[in-house]
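J.: Just one file: work.pdb, with PDB, C-alpha atoms.
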MODEL        1
ATOM      1  CA  MET A  24     -49.201  25.733-121.713
ATOM      2  CA  GLU A  25     -49.559  29.500-122.166
ATOM      3  CA  LYS A  26     -46.639  31.006-124.115
ATOM      4  CA  THR A  27     -45.724  34.706-124.128
ATOM      5  CA  VAL A  28     -42.765  36.457-125.778
ATOM      6  CA  LEU A  29     -41.590  39.902-124.656
ATOM      7  CA  ILE A  30     -38.917  42.237-126.046
ATOM      8  CA  VAL A  31     -37.122  44.388-123.475
ATOM      9  CA  ASP A  32     -37.234  48.137-124.046
ATOM     10  CA  LYS A  33     -34.107  50.258-123.483
ATOM     11  CA  LYS A  34     -35.713  52.053-120.514
ATOM     12  CA  GLU A  35     -36.109  48.684-118.753
ATOM     13  CA  GLU A  36     -32.423  47.795-119.066
ATOM     14  CA  GLY A  37     -30.770  46.812-115.769
ATOM     15  CA  ILE A  38     -33.979  45.626-114.068
ATOM     16  CA  ARG A  39     -33.984  42.148-112.514
ATOM     17  CA  ILE A  40     -35.997  39.748-114.638
ATOM     18  CA  ASP A  41     -38.220  38.573-111.735
ATOM     19  CA  LYS A  42     -39.085  42.172-110.839
ATOM     20  CA  TYR A  43     -39.753  43.059-114.472
ATOM     21  CA  LEU A  44     -42.076  40.096-114.972
ATOM     22  CA  CYS A  45     -43.968  40.862-111.742
ATOM     23  CA  GLU A  46     -44.693  44.321-113.118
ATOM     24  CA  THR A  47     -45.753  42.808-116.448
ATOM     25  CA  PHE A  48     -47.925  40.031-114.982
ATOM     26  CA  LYS A  49     -49.567  41.914-112.121
ATOM     27  CA  ASP A  50     -51.750  38.925-111.203
ATOM     28  CA  LYS A  51     -48.660  36.792-110.487
ATOM     29  CA  SER A  52     -46.566  36.931-107.329
ATOM     30  CA  ARG A  53     -42.785  37.249-107.344
ATOM     31  CA  SER A  54     -42.450  33.773-105.826
ATOM     32  CA  PHE A  55     -44.597  32.375-108.655
ATOM     33  CA  ILE A  56     -42.364  34.037-111.268
ATOM     34  CA  GLN A  57     -39.226  32.785-109.507
ATOM     35  CA  GLY A  58     -40.740  29.301-109.489
ATOM     36  CA  LEU A  59     -41.216  29.454-113.261
ATOM     37  CA  ILE A  60     -37.577  30.455-113.664
ATOM     38  CA  GLU A  61     -36.370  27.633-111.392
ATOM     39  CA  LYS A  62     -38.461  25.109-113.324
ATOM     40  CA  LYS A  63     -36.923  26.308-116.627
ATOM     41  CA  ASN A  64     -40.158  27.779-117.966
ATOM     42  CA  ILE A  65     -38.544  31.148-118.715
ATOM     43  CA  ASN A  66     -35.558  31.837-120.967
ATOM     44  CA  VAL A  67     -33.829  34.908-122.377
ATOM     45  CA  ASN A  68     -32.517  34.807-125.934
ATOM     46  CA  ALA A  69     -33.153  31.021-125.858
ATOM     47  CA  LYS A  70     -30.926  30.606-122.782
ATOM     48  CA  LEU A  71     -31.868  29.792-119.190
ATOM     49  CA  VAL A  72     -31.259  32.539-116.622
ATOM     50  CA  LYS A  73     -31.557  33.030-112.859
ATOM     51  CA  SER A  74     -34.029  35.265-111.038
ATOM     52  CA  ASN A  75     -31.373  37.940-110.491
ATOM     53  CA  TYR A  76     -30.532  38.247-114.207
ATOM     54  CA  LYS A  77     -30.436  41.930-115.190
ATOM     55  CA  LEU A  78     -32.133  42.696-118.462
ATOM     56  CA  LYS A  79     -30.480  44.213-121.523
ATOM     57  CA  ALA A  80     -32.176  46.206-124.244
ATOM     58  CA  LEU A  81     -33.744  44.020-126.946
ATOM     59  CA  ASP A  82     -33.546  40.865-124.834
ATOM     60  CA  GLU A  83     -36.187  38.366-125.987
ATOM     61  CA  ILE A  84     -37.937  36.763-123.036
ATOM     62  CA  GLU A  85     -39.980  33.619-123.574
ATOM     63  CA  ILE A  86     -42.409  32.771-120.763
ATOM     64  CA  ASN A  87     -44.207  29.427-120.616
ATOM     65  CA  ILE A  88     -46.920  29.239-117.957
ATOM     66  CA  PRO A  89     -48.151  25.662-117.380
ATOM     67  CA  GLU A  90     -51.840  24.922-117.004
ATOM     68  CA  PRO A  91     -52.931  24.891-113.328
ATOM     69  CA  GLU A  92     -52.708  21.427-111.809
ATOM     70  CA  VAL A  93     -55.953  19.862-110.662
ATOM     71  CA  LEU A  94     -56.015  19.483-106.895
ATOM     72  CA  SER A  95     -55.678  15.842-105.907
ATOM     73  CA  VAL A  96     -55.226  16.076-102.135
ATOM     74  CA  ASP A  97     -58.065  14.304-100.333
ATOM     75  CA  ALA A  98     -60.687  16.330 -98.484
ATOM     76  CA  GLU A  99     -61.137  15.098 -94.903
ATOM     77  CA  ASP A 100     -63.840  15.807 -92.354
ATOM     78  CA  ILE A 101     -61.596  17.243 -89.630
ATOM     79  CA  ASP A 102     -62.758  19.851 -87.135
ATOM     80  CA  ILE A 103     -61.068  23.227 -87.518
ATOM     81  CA  ASP A 104     -61.559  26.428 -85.525
ATOM     82  CA  VAL A 105     -62.656  29.023 -88.106
ATOM     83  CA  LEU A 106     -62.356  32.568 -86.749
ATOM     84  CA  TYR A 107     -63.532  34.361 -89.890
ATOM     85  CA  GLU A 108     -64.529  33.530 -93.452
ATOM     86  CA  ASP A 109     -65.756  35.347 -96.551
ATOM     87  CA  LYS A 110     -65.424  34.845-100.316
ATOM     88  CA  ASP A 111     -61.718  35.746-100.286
ATOM     89  CA  ILE A 112     -60.144  34.416 -97.097
ATOM     90  CA  ILE A 113     -60.454  32.013 -94.186
ATOM     91  CA  VAL A 114     -58.804  32.783 -90.843
ATOM     92  CA  VAL A 115     -58.278  29.740 -88.625
ATOM     93  CA  ASN A 116     -56.901  28.979 -85.182
ATOM     94  CA  LYS A 117     -54.674  25.963 -85.850
ATOM     95  CA  ALA A 118     -54.392  23.374 -83.121
ATOM     96  CA  GLN A 119     -51.034  22.198 -81.819
ATOM     97  CA  GLY A 120     -50.015  18.950 -83.523
ATOM     98  CA  MET A 121     -51.713  19.695 -86.866
ATOM     99  CA  VAL A 122     -49.481  19.957 -89.943
ATOM    100  CA  VAL A 123     -50.430  22.869 -92.210
ATOM    101  CA  HIS A 124     -50.118  21.138 -95.591
ATOM    102  CA  PRO A 125     -49.334  17.675 -97.003
ATOM    103  CA  ALA A 126     -45.734  16.676 -97.633
ATOM    104  CA  PRO A 127     -43.969  13.446 -98.623
ATOM    105  CA  GLY A 128     -44.831  10.826 -96.022
ATOM    106  CA  ASN A 129     -47.658  12.887 -94.550
ATOM    107  CA  TYR A 130     -50.537  13.392 -96.965
ATOM    108  CA  ASN A 131     -53.454  13.143 -94.534
ATOM    109  CA  GLY A 132     -54.779  14.865 -91.442
ATOM    110  CA  THR A 133     -53.408  18.297 -92.372
ATOM    111  CA  LEU A 134     -55.055  21.699 -92.295
ATOM    112  CA  VAL A 135     -55.262  21.623 -96.098
ATOM    113  CA  ASN A 136     -57.147  18.308 -96.007
ATOM    114  CA  ALA A 137     -59.600  19.873 -93.554
ATOM    115  CA  LEU A 138     -59.975  23.068 -95.589
ATOM    116  CA  LEU A 139     -60.737  21.139 -98.788
ATOM    117  CA  PHE A 140     -63.641  19.482 -96.979
ATOM    118  CA  HIS A 141     -64.762  22.812 -95.498
ATOM    119  CA  CYS A 142     -64.806  24.701 -98.808
ATOM    120  CA  ASN A 143     -64.221  24.043-102.500
ATOM    121  CA  ASP A 144     -62.453  27.279-103.396
ATOM    122  CA  LEU A 145     -58.797  27.734-102.444
ATOM    123  CA  SER A 146     -56.130  29.629-104.377
ATOM    124  CA  SER A 147     -54.061  27.553-106.796
ATOM    125  CA  ILE A 148     -50.812  29.553-106.682
ATOM    126  CA  ASN A 149     -48.945  27.094-104.467
ATOM    127  CA  GLY A 150     -50.034  24.036-106.459
ATOM    128  CA  ILE A 151     -51.730  20.820-105.459
ATOM    129  CA  ILE A 152     -49.991  20.351-102.115
ATOM    130  CA  ARG A 153     -50.416  23.827-100.607
ATOM    131  CA  PRO A 154     -53.634  25.301-102.008
ATOM    132  CA  GLY A 155     -54.527  28.559-100.301
ATOM    133  CA  ILE A 156     -51.534  28.520 -97.970
ATOM    134  CA  VAL A 157     -50.036  32.011 -97.771
ATOM    135  CA  HIS A 158     -47.888  31.435 -94.671
ATOM    136  CA  ARG A 159     -47.241  28.524 -92.340
ATOM    137  CA  ILE A 160     -46.682  27.768 -88.688
ATOM    138  CA  ASP A 161     -44.916  24.660 -87.415
ATOM    139  CA  LYS A 162     -46.814  21.479 -86.612
ATOM    140  CA  ASP A 163     -46.416  21.911 -82.857
ATOM    141  CA  THR A 164     -47.037  25.664 -82.917
ATOM    142  CA  SER A 165     -50.668  26.629 -82.414
ATOM    143  CA  GLY A 166     -52.481  29.784 -83.389
ATOM    144  CA  VAL A 167     -53.929  32.034 -86.033
ATOM    145  CA  LEU A 168     -53.163  32.035 -89.749
ATOM    146  CA  VAL A 169     -54.926  33.258 -92.888
ATOM    147  CA  VAL A 170     -55.718  31.145 -95.953
ATOM    148  CA  ALA A 171     -56.530  32.560 -99.417
ATOM    149  CA  LYS A 172     -59.595  31.349-101.342
ATOM    150  CA  ASN A 173     -58.554  32.829-104.706
ATOM    151  CA  ASP A 174     -55.365  33.879-106.482
ATOM    152  CA  GLU A 175     -56.015  37.620-106.238
ATOM    153  CA  ALA A 176     -56.381  37.420-102.467
ATOM    154  CA  HIS A 177     -53.308  35.195-102.256
ATOM    155  CA  ASN A 178     -51.118  37.648-104.171
ATOM    156  CA  LYS A 179     -52.213  40.637-102.086
ATOM    157  CA  LEU A 180     -51.621  38.797 -98.817
ATOM    158  CA  ALA A 181     -48.255  37.544-100.063
ATOM    159  CA  GLU A 182     -47.221  41.127-100.821
ATOM    160  CA  GLN A 183     -48.012  42.127 -97.233
ATOM    161  CA  LEU A 184     -45.814  39.306 -95.979
ATOM    162  CA  LYS A 185     -43.072  40.399 -98.333
ATOM    163  CA  ASP A 186     -43.120  44.059 -97.293
ATOM    164  CA  HIS A 187     -43.454  43.122 -93.587
ATOM    165  CA  SER A 188     -46.728  45.012 -93.138
ATOM    166  CA  MET A 189     -48.636  41.965 -91.854
ATOM    167  CA  LYS A 190     -48.794  42.069 -88.034
ATOM    168  CA  ARG A 191     -47.789  38.794 -86.360
ATOM    169  CA  GLU A 192     -47.447  38.364 -82.598
ATOM    170  CA  TYR A 193     -46.499  35.132 -80.842
ATOM    171  CA  TYR A 194     -46.402  34.106 -77.180
ATOM    172  CA  ALA A 195     -43.567  31.796 -76.143
ATOM    173  CA  LEU A 196     -42.363  30.275 -72.885
ATOM    174  CA  VAL A 197     -38.579  30.193 -72.772
ATOM    175  CA  GLU A 198     -36.059  28.559 -70.467
ATOM    176  CA  GLY A 199     -34.419  30.944 -67.974
ATOM    177  CA  ARG A 200     -35.275  34.401 -66.638
ATOM    178  CA  LEU A 201     -34.676  37.057 -69.275
ATOM    179  CA  LYS A 202     -32.844  40.037 -67.797
ATOM    180  CA  ASN A 203     -33.918  42.666 -70.308
ATOM    181  CA  GLU A 204     -37.540  43.776 -70.555
ATOM    182  CA  SER A 205     -37.334  43.816 -74.337
ATOM    183  CA  GLY A 206     -34.920  43.398 -77.196
ATOM    184  CA  THR A 207     -34.388  42.766 -80.901
ATOM    185  CA  ILE A 208     -32.584  39.838 -82.510
ATOM    186  CA  ASP A 209     -31.321  40.579 -86.019
ATOM    187  CA  LYS A 210     -29.474  37.493 -87.258
ATOM    188  CA  PRO A 211     -29.597  35.870 -90.725
ATOM    189  CA  LEU A 212     -31.051  32.377 -90.985
ATOM    190  CA  GLY A 213     -30.374  29.532 -93.395
ATOM    191  CA  ARG A 214     -30.413  25.752 -93.578
ATOM    192  CA  ASP A 215     -28.012  24.097 -91.123
ATOM    193  CA  LYS A 216     -25.203  22.605 -93.206
ATOM    194  CA  LYS A 217     -24.672  19.749 -90.727
ATOM    195  CA  ASN A 218     -28.327  18.878 -90.118
ATOM    196  CA  ARG A 219     -30.803  19.560 -92.922
ATOM    197  CA  LEU A 220     -33.729  19.284 -90.503
ATOM    198  CA  LYS A 221     -32.520  22.351 -88.634
ATOM    199  CA  ILE A 222     -32.207  26.057 -89.331
ATOM    200  CA  ALA A 223     -29.091  27.902 -88.203
ATOM    201  CA  ILE A 224     -27.661  31.390 -88.046
ATOM    202  CA  THR A 225     -25.517  31.635 -91.182
ATOM    203  CA  GLN A 226     -23.595  34.489 -92.738
ATOM    204  CA  ASP A 227     -25.118  33.766 -96.145
ATOM    205  CA  GLY A 228     -28.642  33.324 -94.774
ATOM    206  CA  ARG A 229     -31.671  35.544 -95.273
ATOM    207  CA  ARG A 230     -32.140  38.484 -92.930
ATOM    208  CA  ALA A 231     -34.369  37.636 -89.967
ATOM    209  CA  VAL A 232     -35.577  40.058 -87.294
ATOM    210  CA  THR A 233     -37.467  39.187 -84.096
ATOM    211  CA  HIS A 234     -38.578  41.729 -81.497
ATOM    212  CA  TYR A 235     -39.399  40.372 -78.035
ATOM    213  CA  LYS A 236     -40.908  41.710 -74.827
ATOM    214  CA  VAL A 237     -41.216  40.103 -71.392
ATOM    215  CA  ILE A 238     -44.798  39.396 -70.311
ATOM    216  CA  GLU A 239     -44.100  37.567 -67.038
ATOM    217  CA  ARG A 240     -41.175  35.947 -65.231
ATOM    218  CA  TYR A 241     -41.319  32.697 -63.279
ATOM    219  CA  ASP A 242     -38.793  30.607 -61.358
ATOM    220  CA  GLY A 243     -36.480  29.533 -64.171
ATOM    221  CA  TYR A 244     -38.783  30.535 -67.046
ATOM    222  CA  THR A 245     -40.034  33.637 -68.875
ATOM    223  CA  LEU A 246     -43.218  34.230 -70.853
ATOM    224  CA  ILE A 247     -42.485  36.545 -73.775
ATOM    225  CA  LYS A 248     -44.258  38.179 -76.679
ATOM    226  CA  CYS A 249     -42.443  37.998 -80.016
ATOM    227  CA  ILE A 250     -43.237  40.320 -82.900
ATOM    228  CA  LEU A 251     -41.991  39.120 -86.269
ATOM    229  CA  GLU A 252     -40.521  41.653 -88.660
ATOM    230  CA  THR A 253     -39.634  38.796 -91.005
ATOM    231  CA  GLY A 254     -41.084  35.298 -91.152
ATOM    232  CA  ARG A 255     -38.345  32.729 -91.675
ATOM    233  CA  THR A 256     -38.679  29.023 -90.920
ATOM    234  CA  HIS A 257     -38.190  28.332 -87.176
ATOM    235  CA  GLN A 258     -37.275  32.011 -86.707
ATOM    236  CA  ILE A 259     -38.369  32.513 -83.091
ATOM    237  CA  ARG A 260     -37.089  29.109 -82.036
ATOM    238  CA  VAL A 261     -33.601  29.642 -83.475
ATOM    239  CA  HIS A 262     -33.321  33.290 -82.465
ATOM    240  CA  MET A 263     -34.227  32.688 -78.816
ATOM    241  CA  THR A 264     -31.854  29.720 -78.637
ATOM    242  CA  SER A 265     -29.091  31.906 -80.071
ATOM    243  CA  ILE A 266     -29.258  34.252 -77.073
ATOM    244  CA  GLY A 267     -29.419  31.420 -74.545
ATOM    245  CA  TYR A 268     -33.179  31.200 -73.949
ATOM    246  CA  PRO A 269     -34.572  28.261 -75.973
ATOM    247  CA  LEU A 270     -38.293  27.547 -76.052
ATOM    248  CA  VAL A 271     -39.632  25.112 -73.492
ATOM    249  CA  GLY A 272     -40.394  21.732 -75.078
ATOM    250  CA  ASP A 273     -38.529  22.451 -78.327
ATOM    251  CA  PRO A 274     -37.328  19.058 -79.637
ATOM    252  CA  LEU A 275     -34.839  20.540 -82.130
ATOM    253  CA  TYR A 276     -33.344  23.569 -80.414
ATOM    254  CA  GLY A 277     -34.321  23.191 -76.751
ATOM    255  CA  PHE A 278     -32.728  21.587 -73.714
ATOM    256  CA  LYS A 279     -32.457  17.787 -73.737
ATOM    257  CA  LYS A 280     -33.862  17.569 -70.216
ATOM    258  CA  GLN A 281     -37.405  18.955 -69.994
ATOM    259  CA  LYS A 282     -39.414  19.474 -66.817
ATOM    260  CA  PHE A 283     -42.769  19.098 -68.563
ATOM    261  CA  LYS A 284     -43.972  16.284 -70.802
ATOM    262  CA  LEU A 285     -44.827  18.180 -73.973
ATOM    263  CA  ARG A 286     -45.443  17.292 -77.604
ATOM    264  CA  GLY A 287     -43.403  20.228 -78.856
ATOM    265  CA  GLN A 288     -42.319  23.822 -78.302
ATOM    266  CA  MET A 289     -44.486  26.217 -76.290
ATOM    267  CA  LEU A 290     -45.182  28.719 -79.030
ATOM    268  CA  HIS A 291     -48.557  30.211 -79.960
ATOM    269  CA  ALA A 292     -49.401  32.576 -82.837
ATOM    270  CA  LYS A 293     -51.608  34.864 -80.775
ATOM    271  CA  LYS A 294     -52.344  37.795 -83.055
ATOM    272  CA  LEU A 295     -52.565  38.360 -86.812
ATOM    273  CA  GLY A 296     -53.445  41.630 -88.527
ATOM    274  CA  PHE A 297     -53.513  42.578 -92.202
ATOM    275  CA  ILE A 298     -55.268  44.645 -94.871
ATOM    276  CA  HIS A 299     -58.191  42.682 -96.287
ATOM    277  CA  PRO A 300     -57.286  41.838 -99.919
ATOM    278  CA  THR A 301     -60.514  43.197-101.455
ATOM    279  CA  LYS A 302     -62.122  45.371 -98.776
ATOM    280  CA  ASN A 303     -58.846  47.282 -98.242
ATOM    281  CA  GLU A 304     -59.598  47.558 -94.524
ATOM    282  CA  TYR A 305     -57.284  46.541 -91.679
ATOM    283  CA  ILE A 306     -58.569  43.522 -89.764
ATOM    284  CA  GLU A 307     -57.034  41.816 -86.749
ATOM    285  CA  PHE A 308     -57.573  38.517 -84.971
ATOM    286  CA  THR A 309     -56.469  37.508 -81.478
ATOM    287  CA  THR A 310     -56.573  33.977 -80.121
ATOM    288  CA  ASP A 311     -56.447  32.673 -76.563
ATOM    289  CA  LEU A 312     -53.573  30.490 -75.388
ATOM    290  CA  PRO A 313     -54.395  26.773 -75.731
ATOM    291  CA  ASP A 314     -55.338  24.880 -72.565
ATOM    292  CA  TYR A 315     -52.063  22.965 -72.275
ATOM    293  CA  PHE A 316     -50.139  26.269 -72.432
ATOM    294  CA  LYS A 317     -52.295  27.852 -69.724
ATOM    295  CA  ASP A 318     -51.957  24.739 -67.542
ATOM    296  CA  ILE A 319     -48.155  25.007 -67.614
ATOM    297  CA  LEU A 320     -48.272  28.703 -66.727
ATOM    298  CA  HIS A 321     -50.654  27.923 -63.844
ATOM    299  CA  LYS A 322     -48.222  25.316 -62.487
ATOM    300  CA  LEU A 323     -45.353  27.819 -62.666
ATOM    301  CA  LYS A 324     -47.334  30.305 -60.576
ATOM    302  CA  ASP A 325     -47.985  27.787 -57.796
TER
ENDMDL
END
As structure tokens - that is how I would like this structure written.

T.:
Amino acid sequence: MEKTVLIVDKKEEGIRIDKYLCETFKDKSRSFIQGLIEKKNINVNAKLVKSNYKLKALDEIEINIPEPEVLSVDAEDIDIDVLYEDKDIIVVNKAQGMVVHPAPGNYNGTLVNALLFHCNDLSSINGIIRPGIVHRIDKDTSGVLVVAKNDEAHNKLAEQLKDHSMKREYYALVEGRLKNESGTIDKPLGRDKKNRLKIAITQDGRRAVTHYKVIERYDGYTLIKCILETGRTHQIRVHMTSIGYPLVGDPLYGFKKQKFKLRGQMLHAKKLGFIHPTKNEYIEFTTDLPDYFKDILHKLKD
């Protein structure tokens, strides 16, 4: 356990504690700091506080940073589609049906299990269950995502997610023929109070913004491109359902009666662009639609 004690200067009065500590520990992300606060590893004047606590002059902050946990998730020899790799990052094209990281009841067969077999170095910021995972896509959503191989890369990528500068484009097939060529959905999202497995539009939720554009219309369906301004859980799925155009095959938010026998929603993370964490150059990756997705579109054209 690494212990640090800080005394707040008068000029720092009024600053949120999580923001202040991010500036102090520049190698730590804001989510990491907030995690320490939630786990009661940070106190002010010997009292526990929340992440939004505003500092006062002469406050004594005690920070206890636990030793990194040793990874104990099993490495598994699972094929993954690696689009790019260097000493800092791995960019992969995740297959539909693959879970990104282990969770209670599902500790094997995930992307993390495959990555641990593929390479030994993944960032430790998200602990033993989610090493290297900067952002996620749902099990039944396919497409491109970036994984960090060290903590510095992880923090820099996380900052791009936070300030919405990371470019993320998805293709989705929705029920119905969209009338508008494009639009923006700006509705806050939070956990559904009636069903904890679902996300819902809630007044006290976090801001979520999805921009969409029609790619092609079919008889009763529309292929759209969605550009994420924010990246909330199930964002595209909930947003499109909220305007009456749920994703085809969506088991949580879609129509009960489905024309096609699918394993999940027709959603593909097609494009990802970001500033490389050490080269400081913009790089972008585009993936093709998976075969099952193209087969459905071909049937709709016939």

J.: Quick one: residues within 10 Å of Ile88 (chain A), only C-alpha atoms, excluding same-chain residues fewer than 5 positions away - as a list in words?

T.: Met24, Glu25, Lys26, Thr27, Ile56, Leu59, Asn64 and Ile65 of chain A

J.: In Å, with one decimal, what is the gap from CA of Glu182 (chain A) to CA of Glu61 (chain A)?

T.: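 Between CA of Glu182 (chain A) and CA of Glu61 (chain A) the gap works out to 20.3 Å.
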
J.: Translate the PyMOL selection byres ((chain A and resi 226) around 9) into a concrete residue list for this structure, as an MDAnalysis selection string.

T.: chainID A and resid 210:213 224:225 227:229

J.: So that I can see what lies close to Ile30 (chain A), please list as an mmCIF file with C-alpha atoms, in the coordinates of the input the residues with an atom at most 8 Å from it, counting all atoms listed in the file and leaving out residues fewer than 4 positions away in the same chain.

T.:
data_model
loop_
_atom_site.group_PDB
_atom_site.id
_atom_site.type_symbol
_atom_site.label_atom_id
_atom_site.label_comp_id
_atom_site.auth_asym_id
_atom_site.auth_seq_id
_atom_site.Cartn_x
_atom_site.Cartn_y
_atom_site.Cartn_z
ATOM 1 C CA LEU A 81 -33.744 44.020 -126.946
ATOM 2 C CA ASP A 82 -33.546 40.865 -124.834
ATOM 3 C CA GLU A 83 -36.187 38.366 -125.987
ATOM 4 C CA ILE A 84 -37.937 36.763 -123.036
#

J.: Could you state which residues are captured by the PyMOL selection byres ((chain A and resi 32-34) around 8) in this file, as a count of residues only?

T.: 7

J.: So that I can see what lies close to Leu106 (chain A), please list as a list in words the residues with an atom at most 10 Å from it, counting only C-alpha atoms and leaving out residues fewer than 2 positions away in the same chain.

T.: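 Listed by chain and then number, they are Ile103, Asp104, Glu108, Ile113, Val114, Val115, Asn116, Val167, Leu168, Val169, Phe308, Thr309 and Thr310 of chain A.
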
J.: Put those residues in a file: C-alpha atoms, as a PDB file, in the frame of the given file.

T.:
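The file below, result-v7.pdb, is the result:
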ATOM      1  CA  ILE A 103     -61.068  23.227 -87.518  1.00  0.00           C
ATOM      2  CA  ASP A 104     -61.559  26.428 -85.525  1.00  0.00           C
ATOM      3  CA  GLU A 108     -64.529  33.530 -93.452  1.00  0.00           C
ATOM      4  CA  ILE A 113     -60.454  32.013 -94.186  1.00  0.00           C
ATOM      5  CA  VAL A 114     -58.804  32.783 -90.843  1.00  0.00           C
ATOM      6  CA  VAL A 115     -58.278  29.740 -88.625  1.00  0.00           C
ATOM      7  CA  ASN A 116     -56.901  28.979 -85.182  1.00  0.00           C
ATOM      8  CA  VAL A 167     -53.929  32.034 -86.033  1.00  0.00           C
ATOM      9  CA  LEU A 168     -53.163  32.035 -89.749  1.00  0.00           C
ATOM     10  CA  VAL A 169     -54.926  33.258 -92.888  1.00  0.00           C
ATOM     11  CA  PHE A 308     -57.573  38.517 -84.971  1.00  0.00           C
ATOM     12  CA  THR A 309     -56.469  37.508 -81.478  1.00  0.00           C
ATOM     13  CA  THR A 310     -56.573  33.977 -80.121  1.00  0.00           C
TER      14      THR A 310
END

J.: Hey, which of A:Ile208, A:Ala195, A:Ile250, A:Ile86 ends up closest to Gln288 (chain A)? Count only C-alpha atoms.

T.: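 Counting only C-alpha atoms, the residue closest to Gln288 (chain A) is A:Ala195.
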
J.: If we count only C-alpha atoms and set the cut-off at 6 Å, which residues sit around region 296-307 of chain A, ignoring sequence neighbours fewer than 5 positions away in its own chain? Please answer as JSON, numbers by chain.

T.: {"A": [176, 179, 189, 190]}

J.: Could you tell me which residues the PyMOL selection byres ((chain A and resi 75) around 9) returns for this structure, as an NGL selection string?

T.: :A and (38-42 or 72-74 or 76-77)

J.: Which is closest to Gly166 (chain A) among A:Lys293, A:Lys63, A:His141, A:Lys110, if we use only C-alpha atoms?

T.: A:Lys293

J.: Counting all atoms listed in the file, figure out which residue out of A:Arg191, A:His291, A:Lys62, A:Arg200 gets nearest to Arg260 (chain A).

T.: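 Between A:Arg191, A:His291, A:Lys62, A:Arg200, the residue approaching Arg260 (chain A) most closely is A:His291.
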
J.: Under the rule that all atoms listed in the file are counted, which of A:Ala181, A:Leu275, A:Ala98, A:Ile160 is the nearest residue to Ala118 (chain A)?

T.: A:Ile160

J.: To one decimal place, how far is CA of Lys221 (chain A) from CA of Pro274 (chain A) in Å?

T.: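 Value for the CA of Lys221 (chain A)-CA of Pro274 (chain A) distance: 10.7 Å.
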
J.: For a test of reading the model, state the distance in Å between CA of Thr47 (chain A) and CA of Thr253 (chain A), rounded to one decimal.

T.: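 That distance, rounded to one decimal, is 26.5 Å.
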
J.: Enclose region 257-275 of chain A, meaning all of its atoms listed in the file, in a box aligned along x, y and z, pad it by 5 Å on each side, and list the centre and edge lengths in Å to one decimal, as JSON.

T.:
{"center_x": -34.7, "center_y": 26.7, "center_z": -80.3, "size_x": 21.3, "size_y": 25.2, "size_z": 23.7}

J.: Show me the residues around (-33.3, 35.1, -125.4) - criterion: an atom at most 9 Å away, only C-alpha atoms counted - as a PyMOL selection string.

T.: chain A and resi 66-71+82-85

J.: Would you output region 128-137 of chain A from that structure, restricted to N, CA, C and O atoms, as a PDB file, in the first residue's frame?

T.:
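And here is the file that came out, decode-v1.pdb:
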ATOM      1  N   GLY A 128     -19.869 -15.488 -13.551  1.00  0.00           N
ATOM      2  CA  GLY A 128     -20.611 -16.462 -14.335  1.00  0.00           C
ATOM      3  C   GLY A 128     -20.092 -16.654 -15.746  1.00  0.00           C
ATOM      4  O   GLY A 128     -20.567 -17.505 -16.488  1.00  0.00           O
ATOM      5  N   ASN A 129     -19.104 -15.837 -16.132  1.00  0.00           N
ATOM      6  CA  ASN A 129     -18.578 -15.934 -17.496  1.00  0.00           C
ATOM      7  C   ASN A 129     -17.105 -15.533 -17.489  1.00  0.00           C
ATOM      8  O   ASN A 129     -16.751 -14.426 -17.863  1.00  0.00           O
ATOM      9  N   TYR A 130     -16.252 -16.455 -17.064  1.00  0.00           N
ATOM     10  CA  TYR A 130     -14.839 -16.140 -16.906  1.00  0.00           C
ATOM     11  C   TYR A 130     -13.965 -16.675 -18.041  1.00  0.00           C
ATOM     12  O   TYR A 130     -12.754 -16.495 -18.013  1.00  0.00           O
ATOM     13  N   ASN A 131     -14.569 -17.324 -19.021  1.00  0.00           N
ATOM     14  CA  ASN A 131     -13.789 -17.914 -20.105  1.00  0.00           C
ATOM     15  C   ASN A 131     -14.350 -17.527 -21.470  1.00  0.00           C
ATOM     16  O   ASN A 131     -15.496 -17.110 -21.587  1.00  0.00           O
ATOM     17  N   GLY A 132     -13.489 -17.650 -22.485  1.00  0.00           N
ATOM     18  CA  GLY A 132     -13.915 -17.411 -23.849  1.00  0.00           C
ATOM     19  C   GLY A 132     -14.080 -15.955 -24.224  1.00  0.00           C
ATOM     20  O   GLY A 132     -14.648 -15.639 -25.272  1.00  0.00           O
ATOM     21  N   THR A 133     -13.564 -15.037 -23.401  1.00  0.00           N
ATOM     22  CA  THR A 133     -13.725 -13.609 -23.670  1.00  0.00           C
ATOM     23  C   THR A 133     -12.535 -13.058 -24.464  1.00  0.00           C
ATOM     24  O   THR A 133     -11.510 -13.728 -24.619  1.00  0.00           O
ATOM     25  N   LEU A 134     -12.693 -11.829 -24.918  1.00  0.00           N
ATOM     26  CA  LEU A 134     -11.604 -11.165 -25.625  1.00  0.00           C
ATOM     27  C   LEU A 134     -10.378 -11.032 -24.731  1.00  0.00           C
ATOM     28  O   LEU A 134      -9.246 -11.212 -25.184  1.00  0.00           O
ATOM     29  N   VAL A 135     -10.589 -10.744 -23.454  1.00  0.00           N
ATOM     30  CA  VAL A 135      -9.460 -10.631 -22.521  1.00  0.00           C
ATOM     31  C   VAL A 135      -8.713 -11.951 -22.404  1.00  0.00           C
ATOM     32  O   VAL A 135      -7.476 -11.980 -22.409  1.00  0.00           O
ATOM     33  N   ASN A 136      -9.424 -13.062 -22.300  1.00  0.00           N
ATOM     34  CA  ASN A 136      -8.762 -14.373 -22.265  1.00  0.00           C
ATOM     35  C   ASN A 136      -7.887 -14.580 -23.502  1.00  0.00           C
ATOM     36  O   ASN A 136      -6.759 -15.070 -23.414  1.00  0.00           O
ATOM     37  N   ALA A 137      -8.415 -14.180 -24.657  1.00  0.00           N
ATOM     38  CA  ALA A 137      -7.668 -14.328 -25.910  1.00  0.00           C
ATOM     39  C   ALA A 137      -6.461 -13.403 -25.953  1.00  0.00           C
ATOM     40  O   ALA A 137      -5.375 -13.796 -26.398  1.00  0.00           O
TER      41      ALA A 137
END
